[in-house]
Structure formats: C-alpha cells, structure tokens
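Enquirer: Sharing input.tsv below, TSV, C-alpha atoms:
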```
chain	number	residue	atom	x	y	z
A	1	MET	CA	6.04	37.20	-10.24
A	2	LYS	CA	6.60	36.87	-6.51
A	3	ALA	CA	3.25	35.09	-6.21
A	4	LEU	CA	4.31	32.62	-8.90
A	5	PHE	CA	7.53	31.84	-7.06
A	6	ARG	CA	5.52	31.38	-3.87
A	7	ARG	CA	3.21	28.89	-5.55
A	8	ASN	CA	6.17	26.99	-6.99
A	9	ALA	CA	7.78	26.85	-3.55
A	10	ASP	CA	4.55	25.55	-2.01
A	11	THR	CA	4.26	22.90	-4.73
A	12	ASP	CA	7.83	21.74	-4.19
A	13	HIS	CA	7.21	21.55	-0.44
A	14	ASN	CA	4.05	19.49	-0.90
A	15	LEU	CA	5.79	17.10	-3.28
A	16	LEU	CA	8.60	16.58	-0.79
A	17	GLN	CA	6.10	15.98	2.01
A	18	HIS	CA	4.27	13.41	-0.09
A	19	ARG	CA	7.49	11.56	-0.80
A	20	LEU	CA	8.41	11.51	2.88
A	21	ILE	CA	4.95	10.27	3.86
A	22	ARG	CA	4.99	7.52	1.25
A	23	GLN	CA	8.48	6.37	2.22
A	24	ALA	CA	7.53	6.21	5.88
A	25	ALA	CA	4.30	4.39	5.07
A	26	SER	CA	6.12	1.83	2.93
A	27	VAL	CA	8.35	0.99	5.88
A	28	LEU	CA	5.54	0.88	8.44
A	29	LEU	CA	3.36	-1.37	6.27
A	30	SER	CA	6.15	-3.91	5.73
A	31	TYR	CA	6.28	-7.19	7.61
A	32	PRO	CA	7.59	-6.55	11.16
A	33	ASP	CA	10.68	-8.75	11.05
A	34	ASP	CA	13.77	-8.56	13.27
A	35	ARG	CA	14.86	-5.31	11.59
A	36	LEU	CA	11.76	-3.43	12.73
A	37	ALA	CA	13.49	-1.48	15.51
A	38	SER	CA	16.06	0.01	13.15
A	39	ARG	CA	13.37	0.77	10.56
A	40	LEU	CA	11.29	2.62	13.16
A	41	THR	CA	14.33	4.73	13.99
A	42	GLY	CA	14.53	5.69	10.32
A	43	VAL	CA	10.83	6.55	10.21
A	44	ARG	CA	11.19	8.77	13.28
A	45	SER	CA	13.88	10.68	11.41
A	46	LEU	CA	11.49	11.18	8.49
A	47	LEU	CA	8.76	12.40	10.86
A	48	GLU	CA	11.04	15.24	11.98
A	49	HIS	CA	10.68	16.73	8.50
A	50	MET	CA	6.89	16.40	8.35
A	51	GLY	CA	4.07	18.40	9.83
A	52	GLY	CA	0.35	18.37	10.36
A	53	GLU	CA	-2.01	15.42	10.35
A	54	PRO	CA	0.22	12.99	8.39
A	55	ARG	CA	2.94	13.30	11.02
A	56	ARG	CA	0.44	12.56	13.80
A	57	LEU	CA	-1.06	9.59	11.93
A	58	LEU	CA	2.27	8.00	11.07
A	59	GLY	CA	3.56	8.68	14.56
A	60	SER	CA	0.66	6.77	16.10
A	61	THR	CA	1.59	3.67	14.09
A	62	VAL	CA	5.26	4.07	15.04
A	63	ASP	CA	4.37	4.25	18.73
A	64	ALA	CA	2.03	1.24	18.53
A	65	LEU	CA	4.65	-0.89	16.76
A	66	ALA	CA	7.38	0.18	19.16
A	67	ASP	CA	5.30	-0.74	22.20
A	68	ALA	CA	4.37	-4.29	21.11
A	69	ASP	CA	6.49	-7.45	21.19
A	70	SER	CA	7.64	-8.95	17.90
A	71	PHE	CA	5.63	-12.16	18.18
A	72	THR	CA	2.38	-10.27	18.71
A	73	LEU	CA	3.15	-7.89	15.84
A	74	GLN	CA	3.96	-10.68	13.41
A	75	ALA	CA	0.84	-12.64	14.30
A	76	ASP	CA	-1.30	-9.52	13.99
A	77	TYR	CA	0.26	-8.63	10.62
A	78	VAL	CA	-0.47	-12.06	9.16
A	79	ASP	CA	-4.00	-12.05	10.57
A	80	THR	CA	-4.68	-8.55	9.24
A	81	PHE	CA	-3.20	-8.65	5.75
A	82	ASP	CA	-2.88	-12.32	4.81
A	83	LEU	CA	-5.95	-13.94	6.32
A	84	HIS	CA	-8.58	-11.32	5.46
A	85	ARG	CA	-9.33	-10.46	1.85
A	86	GLY	CA	-10.80	-7.11	2.83
A	87	ALA	CA	-7.41	-5.84	4.00
A	88	THR	CA	-5.20	-7.09	1.19
A	89	MET	CA	-2.44	-4.73	0.05
A	90	TYR	CA	-2.46	-6.08	-3.52
A	91	LEU	CA	-3.95	-3.09	-5.31
A	92	THR	CA	-5.15	-4.98	-8.39
A	93	TYR	CA	-7.12	-7.49	-6.33
A	94	TRP	CA	-10.19	-5.30	-5.96
A	95	THR	CA	-10.29	-4.19	-9.60
A	96	ASP	CA	-9.35	-7.50	-11.24
A	97	GLY	CA	-9.70	-10.28	-8.66
A	98	ASP	CA	-7.99	-13.60	-9.38
A	99	THR	CA	-8.63	-13.32	-13.12
A	100	ARG	CA	-6.58	-13.19	-16.27
A	101	ASN	CA	-7.09	-9.43	-16.31
A	102	ARG	CA	-5.05	-9.21	-13.16
A	103	GLY	CA	-2.02	-10.46	-15.02
A	104	THR	CA	-2.35	-7.57	-17.46
A	105	ALA	CA	-2.87	-5.12	-14.61
A	106	MET	CA	0.24	-6.26	-12.75
A	107	HIS	CA	2.23	-6.21	-15.99
A	108	ALA	CA	1.32	-2.52	-16.24
A	109	PHE	CA	2.90	-1.93	-12.82
A	110	ALA	CA	6.05	-3.80	-13.82
A	111	GLN	CA	6.21	-1.90	-17.11
A	112	THR	CA	5.97	1.41	-15.25
A	113	TYR	CA	8.90	0.38	-13.07
A	114	ARG	CA	10.98	-0.66	-16.08
A	115	GLN	CA	10.28	2.63	-17.85
A	116	ALA	CA	11.66	4.38	-14.78
A	117	GLY	CA	14.83	2.28	-14.96
A	118	THR	CA	14.10	-0.14	-12.15
A	119	GLN	CA	12.08	-3.27	-11.36
A	120	ALA	CA	9.94	-4.56	-8.52
A	121	PRO	CA	11.85	-6.46	-5.82
A	122	GLY	CA	11.68	-10.21	-6.23
A	123	THR	CA	10.28	-10.64	-2.73
A	124	GLU	CA	6.91	-9.03	-3.48
A	125	ALA	CA	4.42	-8.56	-6.31
A	126	PRO	CA	4.63	-5.28	-8.27
A	127	ASP	CA	1.14	-4.16	-7.20
A	128	HIS	CA	1.79	-4.58	-3.47
A	129	LEU	CA	1.20	-1.27	-1.71
A	130	THR	CA	4.60	-1.21	0.01
A	131	VAL	CA	6.33	-1.58	-3.37
A	132	VAL	CA	4.25	1.15	-5.01
A	133	LEU	CA	4.83	3.54	-2.12
A	134	GLU	CA	8.58	3.06	-2.16
A	135	PHE	CA	8.63	3.53	-5.93
A	136	ALA	CA	6.63	6.76	-5.60
A	137	ALA	CA	8.90	8.00	-2.83
A	138	THR	CA	12.34	7.14	-4.15
A	139	VAL	CA	12.27	6.40	-7.90
A	140	ASP	CA	9.62	8.24	-9.93
A	141	PRO	CA	7.22	10.40	-7.88
A	142	ALA	CA	5.05	11.32	-10.88
A	143	ALA	CA	4.60	7.75	-12.12
A	144	GLY	CA	4.08	6.52	-8.57
A	145	GLU	CA	1.45	9.19	-7.99
A	146	ARG	CA	-0.37	8.02	-11.12
A	147	LEU	CA	-0.41	4.39	-9.93
A	148	LEU	CA	-1.78	5.40	-6.55
A	149	ARG	CA	-4.47	7.61	-8.10
A	150	GLU	CA	-5.52	4.89	-10.52
A	151	HIS	CA	-6.01	2.48	-7.60
A	152	ARG	CA	-7.48	4.93	-5.11
A	153	ILE	CA	-10.58	2.74	-4.72
A	154	ALA	CA	-8.41	-0.12	-3.41
A	155	LEU	CA	-6.75	2.26	-0.95
A	156	ASP	CA	-10.12	3.43	0.35
A	157	ILE	CA	-11.31	-0.16	0.82
A	158	LEU	CA	-8.10	-1.04	2.65
A	159	ARG	CA	-8.34	2.05	4.87
A	160	ASP	CA	-11.97	1.31	5.78
A	161	ALA	CA	-11.20	-2.34	6.51
A	162	LEU	CA	-8.31	-1.41	8.80
A	163	ASN	CA	-10.42	1.19	10.59
A	164	LYS	CA	-13.11	-1.43	11.27
A	165	ARG	CA	-10.45	-3.67	12.82
A	166	ALA	CA	-9.03	-0.73	14.81
A	167	SER	CA	-5.69	-1.77	13.31
A	168	VAL	CA	-2.46	-0.02	14.21
A	169	TYR	CA	-1.88	0.27	10.46
A	170	ALA	CA	-5.07	2.24	9.77
A	171	PRO	CA	-3.51	5.65	10.52
A	172	THR	CA	-0.67	4.96	8.11
A	173	VAL	CA	-3.00	4.15	5.21
A	174	GLU	CA	-5.01	7.26	6.12
A	175	ALA	CA	-1.81	9.31	5.84
A	176	VAL	CA	-1.20	7.87	2.37
A	177	CYS	CA	-4.74	8.81	1.32
A	178	LEU	CA	-4.07	12.39	2.45
A	179	THR	CA	-1.34	12.65	-0.20
A	180	LEU	CA	-3.96	12.11	-2.91
A	181	PRO	CA	-6.85	14.30	-4.12
A	182	PRO	CA	-10.09	13.94	-2.15
A	183	VAL	CA	-12.43	11.23	-3.39
A	184	THR	CA	-15.72	12.12	-4.99
A	185	ASP	CA	-19.06	10.90	-3.65
A	186	GLN	CA	-19.25	8.60	-6.68
A	187	ASP	CA	-15.84	7.07	-5.88
A	188	HIS	CA	-16.86	6.58	-2.27
A	189	ARG	CA	-20.06	4.76	-3.26
A	190	ARG	CA	-18.12	2.61	-5.72
A	191	ALA	CA	-15.66	1.61	-3.00
A	192	GLN	CA	-18.52	0.66	-0.70
A	193	ARG	CA	-20.19	-1.45	-3.41
A	194	LEU	CA	-16.94	-3.16	-4.32
A	195	ALA	CA	-16.11	-3.93	-0.70
A	196	ALA	CA	-19.56	-5.45	-0.21
A	197	ALA	CA	-19.66	-7.43	-3.48
A	198	GLY	CA	-16.02	-8.50	-3.62
A	199	PRO	CA	-13.64	-8.49	-6.59
A	200	PRO	CA	-14.61	-9.72	-10.06
A	201	ALA	CA	-14.58	-13.47	-10.63
A	202	GLU	CA	-12.96	-15.30	-13.53
A	203	ALA	CA	-15.14	-15.84	-16.58
A	204	ILE	CA	-16.47	-19.39	-17.07
A	205	GLY	CA	-14.06	-21.62	-18.92
A	206	LEU	CA	-10.94	-19.58	-18.13
A	207	GLN	CA	-8.22	-20.52	-15.68
A	208	PRO	CA	-7.65	-17.99	-12.89
A	209	PHE	CA	-4.53	-15.86	-12.91
A	210	THR	CA	-1.77	-17.32	-10.73
A	211	LEU	CA	0.21	-14.82	-8.68
A	212	THR	CA	3.82	-15.89	-8.35
A	213	VAL	CA	5.35	-14.44	-5.19
A	214	PRO	CA	7.45	-16.07	-2.49
A	215	PRO	CA	5.26	-17.30	0.40
A	216	ARG	CA	5.68	-15.71	3.80
A	217	ARG	CA	6.70	-18.23	6.48
A	218	ASP	CA	5.48	-18.39	10.04
A	219	GLY	CA	7.71	-19.00	13.04
A	220	ALA	CA	7.69	-22.75	12.38
A	221	GLY	CA	8.71	-22.30	8.75
A	222	ASN	CA	5.29	-23.13	7.35
A	223	PRO	CA	3.87	-21.18	4.40
A	224	VAL	CA	1.30	-18.54	5.34
A	225	GLN	CA	-1.69	-18.08	3.03
A	226	ARG	CA	-1.79	-14.65	1.40
A	227	GLU	CA	-5.27	-13.35	0.73
A	228	GLY	CA	-5.97	-11.87	-2.67
A	229	ALA	CA	-3.80	-14.41	-4.49
A	230	ASP	CA	-4.52	-17.89	-5.78
A	231	ASP	CA	-3.13	-20.95	-3.98
A	232	GLY	CA	-1.48	-22.12	-7.17
A	233	ARG	CA	1.36	-19.63	-6.76
A	234	ARG	CA	3.11	-21.79	-4.15
```
What would the structure in this file look like if it were written as structure tokens?
Expert:
Amino acid sequence: MKALFRRNADTDHNLLQHRLIRQAASVLLSYPDDRLASRLTGVRSLLEHMGGEPRRLLGSTVDALADADSFTLQADYVDTFDLHRGATMYLTYWTDGDTRNRGTAMHAFAQTYRQAGTQAPGTEAPDHLTVVLEFAATVDPAAGERLLREHRIALDILRDALNKRASVYAPTVEAVCLTLPPVTDQDHRRAQRLAAAGPPAEAIGLQPFTLTVPPRRDGAGNPVQREGADDGRR
C-alpha cells in the first residue's frame, strides 16, 4: 500500500510540474510587448518550483529575453513566427493547412474549451500554442494534455524549425515536448516528411478556410502578415 501511495504522490508531482512548465511556456512564447518585464518576473517565480532539464531550458529563454532590448525582441518574434511558415504556432496548420478541414479542426479546439467552461481569448485563434498551453495549465489539464498529444507532430516541427534558427524560443518548445510521451520513430519520420512537403492544400474547386484573428501591428501601426493563415482574414 505504501508503494501505491508513493506512485500516486509521484504522479501528482509530475502533473503539477507539467502545469507549471506549460504556464511558463505560454508566457514566454507570447508576443514580447511592454509587459514583458513583469511577465518574466512571474516566470522566474514559477521556475523556483521546477527542477531538472525543463527548468534549465525555460531559464535560458528567460535570460535571453531579459538581456535583449524590446525593439530587437519584437522584430525577431515577428520574423520567427509570422514570416516563416515552418515556425508557425497554429497547431492545425501542419495537419490541415489553409483548407476547409482546418475550420473543423479549430472548432474542435473551441468545443473543448467550451466543454471545460471557458472559451479562447478573442485576441488569438483557439489552436495557437500559447492558448493551448495556458488552457492545459490553468483550466483543464487532462483536456489540454489531449490536445497537445493529438498535435505532437506540429510541436516537433516547430521545435526543429526553431532549433535550426538557433532561436531563443527553441528551449521553451523543447521543455513543452518534455511534458509529453516520447515520440516514436514513425512519428519522427512523419514530422520530417510533413516539414519537407508542407501542409495539405485545398481541394480543387473549394475555397480555402479563412482564419479570423486580429492582425498583429508593427511599430508603425501596419498589419503584420501571420504565416499559416490566409490573407483573407484581415
């Protein structure tokens, strides 16, 4: 019986660690606006309750963000996530592309949020990684875990793309991946093929799915193109 209690305690500890990691990652992967300094302070507080490799990985992103000026960070963020399809944080992009199927896929995210008694924030699409991570950390850990597992291929593609760019955000996505079961060789090969071939295209004769999210603005107030979403959403 003691062994059972020990296993239950270990499970509870791991679940708490996963929630802390996902909450910290959601903050670190958000756009570095003028509230970044206060958000980094919050993440440092979360790191005090973590251990092992995830703490080191998340800490490296915290240090890199803290050491850079805001203009450089904002330009790098837009260049990394909005101007390169390979590093998009829209999880349904790699499985459904800009197709009608993507509408169904994103509806599934929104439905999961509603079933948990909440809804995605109006400032971002429901399949955006930061939204999913915060949901998994603060609302419904089990449902959030399921969403992340179902879109593990997209996470692997994003992680690999960020590593190739030597991005400051790569360690954070790696920490998120460590909260999930290891990928199989088959999953790894599928991620490589998908990254090389790109997402599925819309069938002939059908109009592409239009993602409706508020555009991010640059310093001059001009809309910034988001990769992984059709221009018609503006």
Enquirer: With distances taken over all atoms listed in the file, which of A:Leu36, A:Ala120, A:Val62, A:Ala108 is nearest to Glu150 in chain A?
Expert: A:Ala108
Enquirer: Which residue, A:Arg56, A:Thr61, A:Arg22, A:Arg114, has the smallest gap to Leu148 in chain A when you use all atoms listed in the file?
Expert: A:Arg22
Enquirer: Work out how far apart CA of Tyr113 in chain A and CA of Ala170 in chain A are and give it in Å to one decimal.
Expert: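 Value for the CA of Tyr113 in chain A-CA of Ala170 in chain A distance: 26.8 Å.
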Enquirer: Taking only C-alpha atoms into account, name the residue in A:Lys164, A:Gly117, A:Glu174, A:Leu91 that is nearest to Leu129 in chain A.
Expert: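 Closest to Leu129 in chain A, using only C-alpha atoms: A:Leu91.
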Enquirer: Quick one, how far is CA of Tyr169 in chain A from CA of Ala68 in chain A?
Expert: 13.2 Å
Enquirer: Taking into account all atoms listed in the file, which residue in the set A:Glu145, A:Asp67, A:Glu48, A:Asp79 is nearest to Cys177 in chain A?
Expert: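 Nearest to Cys177 in chain A: A:Glu145.
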Enquirer: One decimal, in Å: what's the spacing between CA of Gly42 in chain A and CA of Val27 in chain A?
Expert: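 CA of Gly42 in chain A sits 8.9 Å away from CA of Val27 in chain A.
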Enquirer: List as JSON, numbers by chain the protein and nucleic acid residues near Leu158 in chain A, meaning an atom at most 10 Å away when all atoms listed in the file are counted, but skip any in the same chain fewer than 6 places from it.
Expert: {"A": [81, 85, 86, 87, 88, 89, 90, 91, 94, 152, 164, 170, 173, 174, 191, 195]}
Enquirer: Give the answer as one residue: which of A:Pro54, A:Gly59, A:Pro32, A:Pro126 has the shortest atom-to-atom distance to Gly144 in chain A, using only C-alpha atoms?
Expert: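 The shortest atom-to-atom distance to Gly144 in chain A comes from A:Pro126.
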Enquirer: So, with only C-alpha atoms as the atoms that count, which of A:Ala161, A:Ala136, A:Met50, A:Val43 lies closest to Leu29 in chain A?
Expert: A:Val43
Enquirer: Step by step: start from the point (-3.0, 10.4, 8.4) in the file's coordinates, keep every protein, DNA or RNA residue that has an atom no farther than 6 Å from it, count only C-alpha atoms, and write the set as a list in words.
Expert: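 Taken together, the residues in range are Glu53, Pro54, Leu57, Pro171, Thr172, Glu174 and Ala175 of chain A.
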